[in-house]
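> Just passing along the structure, written as structure tokens.
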Protein chains: 2
Amino acid sequence: MPDAPYVPIAWESDHIRLLDQTLLPHEERYVELRGVEETAEAIRTMRVRGAPAIGITAAYGLALAARLAPDGPDGSVLKAVERAAAALATTRPTAVNLEWALRRVVARVAATEGDGSARAAAVEEAQRIHEEQREADWWIAEAGAALIEGAEAVLTHCNTGPLATGGHGTALGVVIEAHRARGLQHVYVDETRPRLQGARLTTWELDRFDVPFELIIDGAAAALLASGRVGAVVVGADRIARNGDTANKIGTLGAAIAANYFGVPFYVAAPVSTIDPDAASADAIEIEERAGDEVLSIGASAIAPAGTAVLNPAFDVTPASLVTAIVTERGVLEPPYETSIGTVLAGFARR
Amino acid sequence: MPDAPYVPIAWESDHIRLLDQTLLPHEERYVELRGVEETAEAIRTMRVRGAPAIGITAAYGLALAARLAPDGPDGSVLKAVERAAAALATTRPTAVNLEWALRRVVARVAATEGDGSARAAAVEEAQRIHEEQREADWWIAEAGAALIEGAEAVLTHCNTGPLATGGHGTALGVVIEAHRARGLQHVYVDETRPRLQGARLTTWELDRFDVPFELIIDGAAAALLASGRVGAVVVGADRIARNGDTANKIGTLGAAIAANYFGVPFYVAAPVSTIDPDAASADAIEIEERAGDEVLSIGASAIAPAGTAVLNPAFDVTPASLVTAIVTERGVLEPPYETSIGTVLAGFARR
């Protein structure tokens with residue numbers, strides 16, 4: 001599959017070049033992140049979002065930390081990288097890729113301690129994480145597109161395209177590839193309140209890839225599924241437990257329950273790095289609660305009385321029993337997930 | 001139960017005084033409707049919305065038409081009222097109360113033809129429809145509050161308070177009464193995209209009645225239901241078929257499916273006038289499609305790229321199998337609805 005006609009995350013030797021997703025779709029502006037604090041701020045304020053893209057950006061943030069670390073005694077680069085990792089780890093709590101990417105870069109730097117290559121190692125490891133994501137996305141897109149072959153239309157939630165992964169995308173990569181090569185005609189895009197990633201970002205990406213789509217409000221998904229027009233639901237994941245329970249953008253659970261009710265297959269597309277080996281089930285997954293302001297105003301418009309109390313969980317958990325299959329770069333995982341995920345995790349750990 | 005501390009619809013001899021719901025919650029401004037076209041415009045642009053409130057406003061619109069009809073030969077008032085009814089009938093397609101209220105006023109005027117009381121009859125019939133709604137709301141609130149006694153928290157969708165009915169409200173009347181007299185502690189309010197009636201209107205009404213609540217995005221309803229915090233879902237209806245299939249604001253179906261999945265009772269609260277005797281099932285219910293602009297911009301803010309294609313159904317249909325009970329002013333209807341609705345309709349027609 002061809003590369004995206006835009007580059008959401010790029011390493012530029014002394015800075016990260018990042019497409020500012022908070023300004024899309026109205027403005028395509030790139031920001032330059034030159035330090036750890038700027039990188040943390042970009043993740044926290046969602047200039048970059050999407051679990052894999054967060055992981056890649058954070059990894060490059062450690063590359064910046066290594067680059068900026070003062071010359072000093074053995075281990076001073078490692079100390080700076082560890083300090084930066086601690087700061088970056090707290091920016092978003094739900095995406096497992098963040099922790100995982102930070103650990104990989106720290107471990108790589110730690111392994112080089114003393115031989116003078118710590119700074120280069122940090123950059124290399126971040127670039128490797130980025131490149132692996134691109135490859136994983138490619139395999140996911142191929143396998144997912146084959147899986148939904150025959151579907152004329154699909155429904156997706158949130159944004160899982162190149163913007164979200166820095167590569168080809170996960171669920172949206174599947175959708176784009178299915179349109180390119182597997183006969184998919186139409187995509188229904190949940191607007192994905194409160195941050196409207198579907199309305200703002202997925203529409204923008206599908207437009208750039210010339211994939212026909214219609215935007216719907218999240219509340220219209222059930223009626224759309226009832227209509228029989230949707231052949232499959234395809235979503236990404238922020239964290240997957242070992243039993244297949246899937247944390248993803250708030251609203252996913254409702255779509256999964258409705259898909260199940262109307263007999264429409266519900267697919268999760270995510271790299272193996274999204275599977276949390278430490279989470280036996282969803283009970284071990286922390287769900288980020290975000291500020292109510294996100295709900296209460298849209299752009300310049302307040303939508304509710306001032307001071308309105310809001311409950312604003314950023315993610316929900318879809319139980320494994322509602323997930324038809326999980327599409328990864330290591331193949332399509334099917335229930336029972338304890339077994340299929342166990343097998344793929346064993347291979348992943350050995351790598 | 002006490003009256004609402006605001007009067008959404010009032011007949012003022014030569015005009016309708018209407019609280020403009022498009023300006024809430026930021027501004028409490030009343031408009032004066034002095035003719036049929038203004039009344040039609042107010043319904044079409046949703047200055048007044050909610051199936052019963054639309055019916056009452058349209059009925060008062062016919063009172064205006066009768067009032068403004070020129071003196072002339074016998075039947076000239078009836079002709080003016082019939083013309084106005086035809087114009088008002090096309091303003092919104094899904095709410096059955098609109099048709100029903102218009103038919104009642106036209107029939108009443110037709111019955112007085114020739115005796116000089118046509119103008120007074122139109123006003124009287126419109127006021128009677130309004131008064132009957134207040135009474136129906138009262139019974140619904142009582143019966144519904146008794147039904148959900150023991151629930152500490154409920155979830156509701158859209159707006160079904162006094163604003164929506166011109167009386168005490170339907171589903172929100174139940175909620176307000178349950179809070180006043182039946183131990184209800186907390187209400188979760190779906191924001192209800194795209195028009196945000198929950199965020200804009202239900203929050204405003206609950207605030208005026210001092211009922212504690214939290215606003216959620218529609219997509220968070222499933223996760224909330226999964227959490228076990230919700231004792232019941234209570235919604236209104238725009239049209240109910242004879243088999244219990246219920247057309248209501250888009251997003252209701254998803255909440256019903258999720259409530260069913262998690263074993264939470266799902267109640268519809270609506271006056272008997274909302275039941276369409278001509279609809280055997282949902283197949284006979286027309287679902288209004290509204291313009292995509294409603295989705296694409298919120299206040300002054302565009303949320304998606306210009307020209308984005310949108311699918312924007314205003315209502316969805318919840319199958320009767322997902323409805324635990326229907327609370328009406330003639331009692332709580334339970335499955336099988338063919339029987340319970342048949343019985344209540346027979347009584348309603350005889351009145």
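By order in the structure tokens, chains are A, B, ...; within a chain, residues start at 1; ligands start at 1, following the order shown.
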Tell me as a VMD selection string which residues belonging to chain B come within 8 Å of chain A, counting only C-alpha atoms.
chain B and resid 25 to 26 192 to 194 196 199 to 200 203 to 204 213 to 223 250 to 255 257 to 258 261 295 298 to 301 303 to 305 308 to 313 316 to 317
> Would you mind writing down, as a list in words, each residue of region 211-252 of chain A that DSSP on the backbone assigns to helix (DSSP H, G or I)?
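DSSP-assigned helix (DSSP H, G or I) residues in region 211-252 of chain A: Asp218, Gly219, Ala220, Ala221, Ala222, Ala223, Leu224, Leu225, Ala226 and Thr252 of chain A.
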> Counting only C-alpha atoms, what is within 10 Å of region 4-9 of chain A, bar same-chain residues fewer than 6 positions away, as a list in words?
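Result of the neighbour search: Ile16, Arg17, Leu18, Leu19, Asp20, Gln21, Glu28, Tyr30, Val31, Val48, Ala53, Ile54, Ile56, Thr57, Tyr60, His130, Gly161, Pro162, Leu163, Ala164, Thr165, Gly166, Gly167, His168, Gly169, Gly173, Glu205, Arg208 and Phe209 of chain A.
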> Write a file of the selected residues as an mmCIF file, in the first residue's frame, keeping N, CA, C and O atoms.

```cif
data_model
loop_
_atom_site.group_PDB
_atom_site.id
_atom_site.type_symbol
_atom_site.label_atom_id
_atom_site.label_comp_id
_atom_site.auth_asym_id
_atom_site.auth_seq_id
_atom_site.Cartn_x
_atom_site.Cartn_y
_atom_site.Cartn_z
ATOM 1 N N ILE A 16 11.524 17.028 16.663
ATOM 2 C CA ILE A 16 10.449 16.197 16.116
ATOM 3 C C ILE A 16 9.548 17.131 15.324
ATOM 4 O O ILE A 16 9.134 18.182 15.825
ATOM 5 N N ARG A 17 9.241 16.739 14.090
ATOM 6 C CA ARG A 17 8.292 17.522 13.297
ATOM 7 C C ARG A 17 6.945 16.813 13.387
ATOM 8 O O ARG A 17 6.806 15.655 13.011
ATOM 9 N N LEU A 18 5.952 17.536 13.918
ATOM 10 C CA LEU A 18 4.681 16.907 14.265
ATOM 11 C C LEU A 18 3.539 17.688 13.625
ATOM 12 O O LEU A 18 3.460 18.911 13.743
ATOM 13 N N LEU A 19 2.658 16.973 12.944
ATOM 14 C CA LEU A 19 1.434 17.600 12.417
ATOM 15 C C LEU A 19 0.495 17.839 13.603
ATOM 16 O O LEU A 19 0.120 16.897 14.296
ATOM 17 N N ASP A 20 0.163 19.098 13.852
ATOM 18 C CA ASP A 20 -0.641 19.445 15.037
ATOM 19 C C ASP A 20 -2.101 19.045 14.806
ATOM 20 O O ASP A 20 -2.844 19.714 14.088
ATOM 21 N N GLN A 21 -2.507 17.938 15.450
ATOM 22 C CA GLN A 21 -3.839 17.377 15.189
ATOM 23 C C GLN A 21 -4.952 18.206 15.824
ATOM 24 O O GLN A 21 -6.117 18.033 15.465
ATOM 25 N N GLU A 28 -3.486 22.676 8.342
ATOM 26 C CA GLU A 28 -2.461 21.637 8.340
ATOM 27 C C GLU A 28 -1.144 22.297 8.740
ATOM 28 O O GLU A 28 -0.387 22.764 7.896
ATOM 29 N N TYR A 30 2.470 22.218 11.019
ATOM 30 C CA TYR A 30 3.454 21.351 11.665
ATOM 31 C C TYR A 30 4.147 22.126 12.778
ATOM 32 O O TYR A 30 4.464 23.301 12.619
ATOM 33 N N VAL A 31 4.358 21.455 13.925
ATOM 34 C CA VAL A 31 5.092 22.087 15.012
ATOM 35 C C VAL A 31 6.437 21.376 15.159
ATOM 36 O O VAL A 31 6.583 20.215 14.771
ATOM 37 N N VAL A 48 -0.664 15.342 19.341
ATOM 38 C CA VAL A 48 -0.508 13.996 18.789
ATOM 39 C C VAL A 48 -1.337 13.083 19.673
ATOM 40 O O VAL A 48 -1.352 13.234 20.892
ATOM 41 N N ALA A 53 1.008 6.414 17.865
ATOM 42 C CA ALA A 53 1.656 7.702 17.591
ATOM 43 C C ALA A 53 2.184 8.331 18.878
ATOM 44 O O ALA A 53 3.239 8.976 18.883
ATOM 45 N N ILE A 54 1.459 8.143 19.959
ATOM 46 C CA ILE A 54 1.934 8.639 21.255
ATOM 47 C C ILE A 54 3.237 7.935 21.640
ATOM 48 O O ILE A 54 4.203 8.577 22.076
ATOM 49 N N ILE A 56 5.474 6.516 19.681
ATOM 50 C CA ILE A 56 6.573 6.940 18.799
ATOM 51 C C ILE A 56 7.049 8.342 19.186
ATOM 52 O O ILE A 56 8.257 8.599 19.283
ATOM 53 N N THR A 57 6.118 9.233 19.417
ATOM 54 C CA THR A 57 6.483 10.605 19.782
ATOM 55 C C THR A 57 7.240 10.623 21.107
ATOM 56 O O THR A 57 8.248 11.331 21.254
ATOM 57 N N TYR A 60 10.767 9.431 20.548
ATOM 58 C CA TYR A 60 11.577 10.524 19.999
ATOM 59 C C TYR A 60 11.857 11.584 21.067
ATOM 60 O O TYR A 60 12.892 12.248 21.046
ATOM 61 N N HIS A 130 9.434 3.380 15.386
ATOM 62 C CA HIS A 130 8.627 4.004 14.338
ATOM 63 C C HIS A 130 8.552 3.086 13.111
ATOM 64 O O HIS A 130 7.474 2.835 12.566
ATOM 65 N N GLY A 161 -5.999 6.277 11.701
ATOM 66 C CA GLY A 161 -5.265 6.318 10.448
ATOM 67 C C GLY A 161 -3.799 6.645 10.675
ATOM 68 O O GLY A 161 -3.293 6.555 11.798
ATOM 69 N N PRO A 162 -3.103 7.023 9.627
ATOM 70 C CA PRO A 162 -1.699 7.419 9.756
ATOM 71 C C PRO A 162 -1.486 8.446 10.865
ATOM 72 O O PRO A 162 -0.459 8.410 11.557
ATOM 73 N N LEU A 163 -2.416 9.336 11.050
ATOM 74 C CA LEU A 163 -2.290 10.320 12.128
ATOM 75 C C LEU A 163 -2.129 9.637 13.480
ATOM 76 O O LEU A 163 -1.444 10.138 14.364
ATOM 77 N N ALA A 164 -2.807 8.511 13.642
ATOM 78 C CA ALA A 164 -2.838 7.848 14.950
ATOM 79 C C ALA A 164 -1.659 6.924 15.185
ATOM 80 O O ALA A 164 -1.380 6.563 16.327
ATOM 81 N N THR A 165 -0.968 6.541 14.115
ATOM 82 C CA THR A 165 0.111 5.554 14.292
ATOM 83 C C THR A 165 1.448 6.035 13.774
ATOM 84 O O THR A 165 2.467 5.411 14.063
ATOM 85 N N GLY A 166 1.460 7.080 12.965
ATOM 86 C CA GLY A 166 2.712 7.480 12.329
ATOM 87 C C GLY A 166 3.093 6.567 11.179
ATOM 88 O O GLY A 166 4.146 6.738 10.567
ATOM 89 N N GLY A 167 2.234 5.565 10.887
ATOM 90 C CA GLY A 167 2.509 4.653 9.771
ATOM 91 C C GLY A 167 1.345 4.679 8.797
ATOM 92 O O GLY A 167 0.993 5.731 8.263
ATOM 93 N N HIS A 168 0.737 3.500 8.563
ATOM 94 C CA HIS A 168 -0.413 3.425 7.664
ATOM 95 C C HIS A 168 -1.737 3.487 8.413
ATOM 96 O O HIS A 168 -2.791 3.535 7.788
ATOM 97 N N GLY A 169 -1.686 3.426 9.724
ATOM 98 C CA GLY A 169 -2.917 3.362 10.502
ATOM 99 C C GLY A 169 -3.249 1.924 10.864
ATOM 100 O O GLY A 169 -2.693 0.980 10.285
ATOM 101 N N GLY A 173 -6.260 1.990 8.475
ATOM 102 C CA GLY A 173 -5.381 1.388 7.475
ATOM 103 C C GLY A 173 -6.072 0.209 6.799
ATOM 104 O O GLY A 173 -5.999 0.041 5.572
ATOM 105 N N GLU A 205 -8.520 12.383 6.765
ATOM 106 C CA GLU A 205 -7.661 11.342 6.201
ATOM 107 C C GLU A 205 -8.354 10.608 5.048
ATOM 108 O O GLU A 205 -7.744 10.367 4.008
ATOM 109 N N ARG A 208 -8.161 12.627 2.044
ATOM 110 C CA ARG A 208 -6.825 12.615 1.422
ATOM 111 C C ARG A 208 -6.579 11.326 0.649
ATOM 112 O O ARG A 208 -5.792 11.304 -0.299
ATOM 113 N N PHE A 209 -7.198 10.222 1.076
ATOM 114 C CA PHE A 209 -7.028 8.933 0.397
ATOM 115 C C PHE A 209 -8.146 8.672 -0.623
ATOM 116 O O PHE A 209 -8.232 7.582 -1.175
#
```
> My list of candidates is B:Gly55, B:Gly144, B:Gly72, B:Pro336. Which is closest to Val234 (chain B) when distances are computed with only C-alpha atoms?
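Closest candidate: B:Gly144.
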> When you draw a straight line from CA of Asp71 (chain A) to CA of Val109 (chain A), how long is it in Å?
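CA of Val109 (chain A) lies at a distance of 14.9 Å from CA of Asp71 (chain A).
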> Rounded to one decimal in Å, what is the spacing between CA of Ala320 (chain A) and CA of Ile240 (chain A)?
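Computing it gives 9.3 Å between the two atoms.
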> In Å, rounded to a single decimal, give me how far CA of Ala153 (chain A) is from CA of Gln133 (chain A).
26.4 Å
> Just want the 7 Å neighbourhood of Ala122 (chain A), counted on only C-alpha atoms, with same-chain residues fewer than 2 positions away dropped. Output as a PDB file with N, CA, C and O atoms, in the first residue's frame.

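Dumped to around-v5.pdb:
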```
ATOM      1  N   LEU A  62      12.532  10.917  24.097  1.00  0.00           N
ATOM      2  CA  LEU A  62      13.724  10.419  24.802  1.00  0.00           C
ATOM      3  C   LEU A  62      14.981  10.631  23.960  1.00  0.00           C
ATOM      4  O   LEU A  62      16.066  10.888  24.505  1.00  0.00           O
ATOM      5  N   ALA A  63      14.825  10.535  22.648  1.00  0.00           N
ATOM      6  CA  ALA A  63      15.968  10.834  21.774  1.00  0.00           C
ATOM      7  C   ALA A  63      16.396  12.292  21.957  1.00  0.00           C
ATOM      8  O   ALA A  63      17.602  12.604  22.005  1.00  0.00           O
ATOM      9  N   ALA A  66      18.197  12.554  25.287  1.00  0.00           N
ATOM     10  CA  ALA A  66      19.566  12.040  25.183  1.00  0.00           C
ATOM     11  C   ALA A  66      20.457  13.077  24.491  1.00  0.00           C
ATOM     12  O   ALA A  66      21.575  13.364  24.932  1.00  0.00           O
ATOM     13  N   VAL A 105      13.325   2.351  24.869  1.00  0.00           N
ATOM     14  CA  VAL A 105      14.415   3.304  24.647  1.00  0.00           C
ATOM     15  C   VAL A 105      15.320   3.351  25.875  1.00  0.00           C
ATOM     16  O   VAL A 105      16.560   3.356  25.756  1.00  0.00           O
ATOM     17  N   ARG A 108      17.501   0.309  25.935  1.00  0.00           N
ATOM     18  CA  ARG A 108      18.536   0.357  24.906  1.00  0.00           C
ATOM     19  C   ARG A 108      19.678   1.289  25.331  1.00  0.00           C
ATOM     20  O   ARG A 108      20.858   0.964  25.157  1.00  0.00           O
ATOM     21  N   VAL A 109      19.309   2.424  25.899  1.00  0.00           N
ATOM     22  CA  VAL A 109      20.330   3.364  26.375  1.00  0.00           C
ATOM     23  C   VAL A 109      21.116   2.737  27.524  1.00  0.00           C
ATOM     24  O   VAL A 109      22.347   2.834  27.588  1.00  0.00           O
ATOM     25  N   ALA A 118      25.357   6.219  23.722  1.00  0.00           N
ATOM     26  CA  ALA A 118      24.017   6.313  24.321  1.00  0.00           C
ATOM     27  C   ALA A 118      23.097   7.222  23.513  1.00  0.00           C
ATOM     28  O   ALA A 118      21.930   6.896  23.261  1.00  0.00           O
ATOM     29  N   ARG A 119      23.630   8.371  23.077  1.00  0.00           N
ATOM     30  CA  ARG A 119      22.771   9.309  22.352  1.00  0.00           C
ATOM     31  C   ARG A 119      22.299   8.701  21.034  1.00  0.00           C
ATOM     32  O   ARG A 119      21.118   8.740  20.688  1.00  0.00           O
ATOM     33  N   ALA A 120      23.214   8.117  20.303  1.00  0.00           N
ATOM     34  CA  ALA A 120      22.856   7.495  19.022  1.00  0.00           C
ATOM     35  C   ALA A 120      21.888   6.334  19.240  1.00  0.00           C
ATOM     36  O   ALA A 120      20.959   6.118  18.451  1.00  0.00           O
ATOM     37  N   GLU A 124      18.314   5.741  17.507  1.00  0.00           N
ATOM     38  CA  GLU A 124      18.101   4.517  16.725  1.00  0.00           C
ATOM     39  C   GLU A 124      16.894   3.725  17.212  1.00  0.00           C
ATOM     40  O   GLU A 124      16.105   3.221  16.422  1.00  0.00           O
ATOM     41  N   GLU A 125      16.796   3.617  18.540  1.00  0.00           N
ATOM     42  CA  GLU A 125      15.706   2.810  19.077  1.00  0.00           C
ATOM     43  C   GLU A 125      14.358   3.464  18.779  1.00  0.00           C
ATOM     44  O   GLU A 125      13.390   2.789  18.424  1.00  0.00           O
ATOM     45  N   ALA A 126      14.284   4.790  18.901  1.00  0.00           N
ATOM     46  CA  ALA A 126      13.033   5.489  18.587  1.00  0.00           C
ATOM     47  C   ALA A 126      12.683   5.298  17.108  1.00  0.00           C
ATOM     48  O   ALA A 126      11.530   5.021  16.763  1.00  0.00           O
TER      49      ALA A 126
END
```
> Using DSSP on the backbone coordinates, identify the residues of region 17-181 of chain B assigned to strand (DSSP E); present them as number ranges by chain.
B: 17-19, 30-33, 153-156
> Could you take the residues named above and write them with C-alpha atoms, as a PDB file, in the first residue's frame?

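Here's the written file out09.pdb:
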```pdb
ATOM      1  CA  ARG B  17     -45.851  33.248  24.033  1.00  0.00           C
ATOM      2  CA  LEU B  18     -43.069  30.749  23.480  1.00  0.00           C
ATOM      3  CA  LEU B  19     -39.777  30.223  25.275  1.00  0.00           C
ATOM      4  CA  TYR B  30     -39.671  34.528  24.907  1.00  0.00           C
ATOM      5  CA  VAL B  31     -40.992  35.085  21.390  1.00  0.00           C
ATOM      6  CA  GLU B  32     -44.532  36.105  20.436  1.00  0.00           C
ATOM      7  CA  LEU B  33     -46.087  34.176  17.578  1.00  0.00           C
ATOM      8  CA  ALA B 153     -29.565   7.072  39.598  1.00  0.00           C
ATOM      9  CA  VAL B 154     -31.120   7.025  36.153  1.00  0.00           C
ATOM     10  CA  LEU B 155     -29.971   7.810  32.646  1.00  0.00           C
ATOM     11  CA  THR B 156     -32.064   9.894  30.269  1.00  0.00           C
TER      12      THR B 156
END
```
> Show me, as a count of residues only, the residues that have an atom within 6 Å of region 84-93 of chain A when counting only C-alpha atoms, minus same-chain residues fewer than 4 positions from it.
3
> Compile the contact shell of Leu147 (chain B) as a list of chain:residue names: residues with an atom at most 10 Å away, counting only C-alpha atoms, same-chain residues fewer than 4 positions apart removed.
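Selected residues are B:Ala141, B:Glu142, B:Ala143, B:Ala151, B:Val174, B:Ala178, B:Arg182, B:Ala232, B:Tyr267, B:Ala325, B:Val327, B:Val332.
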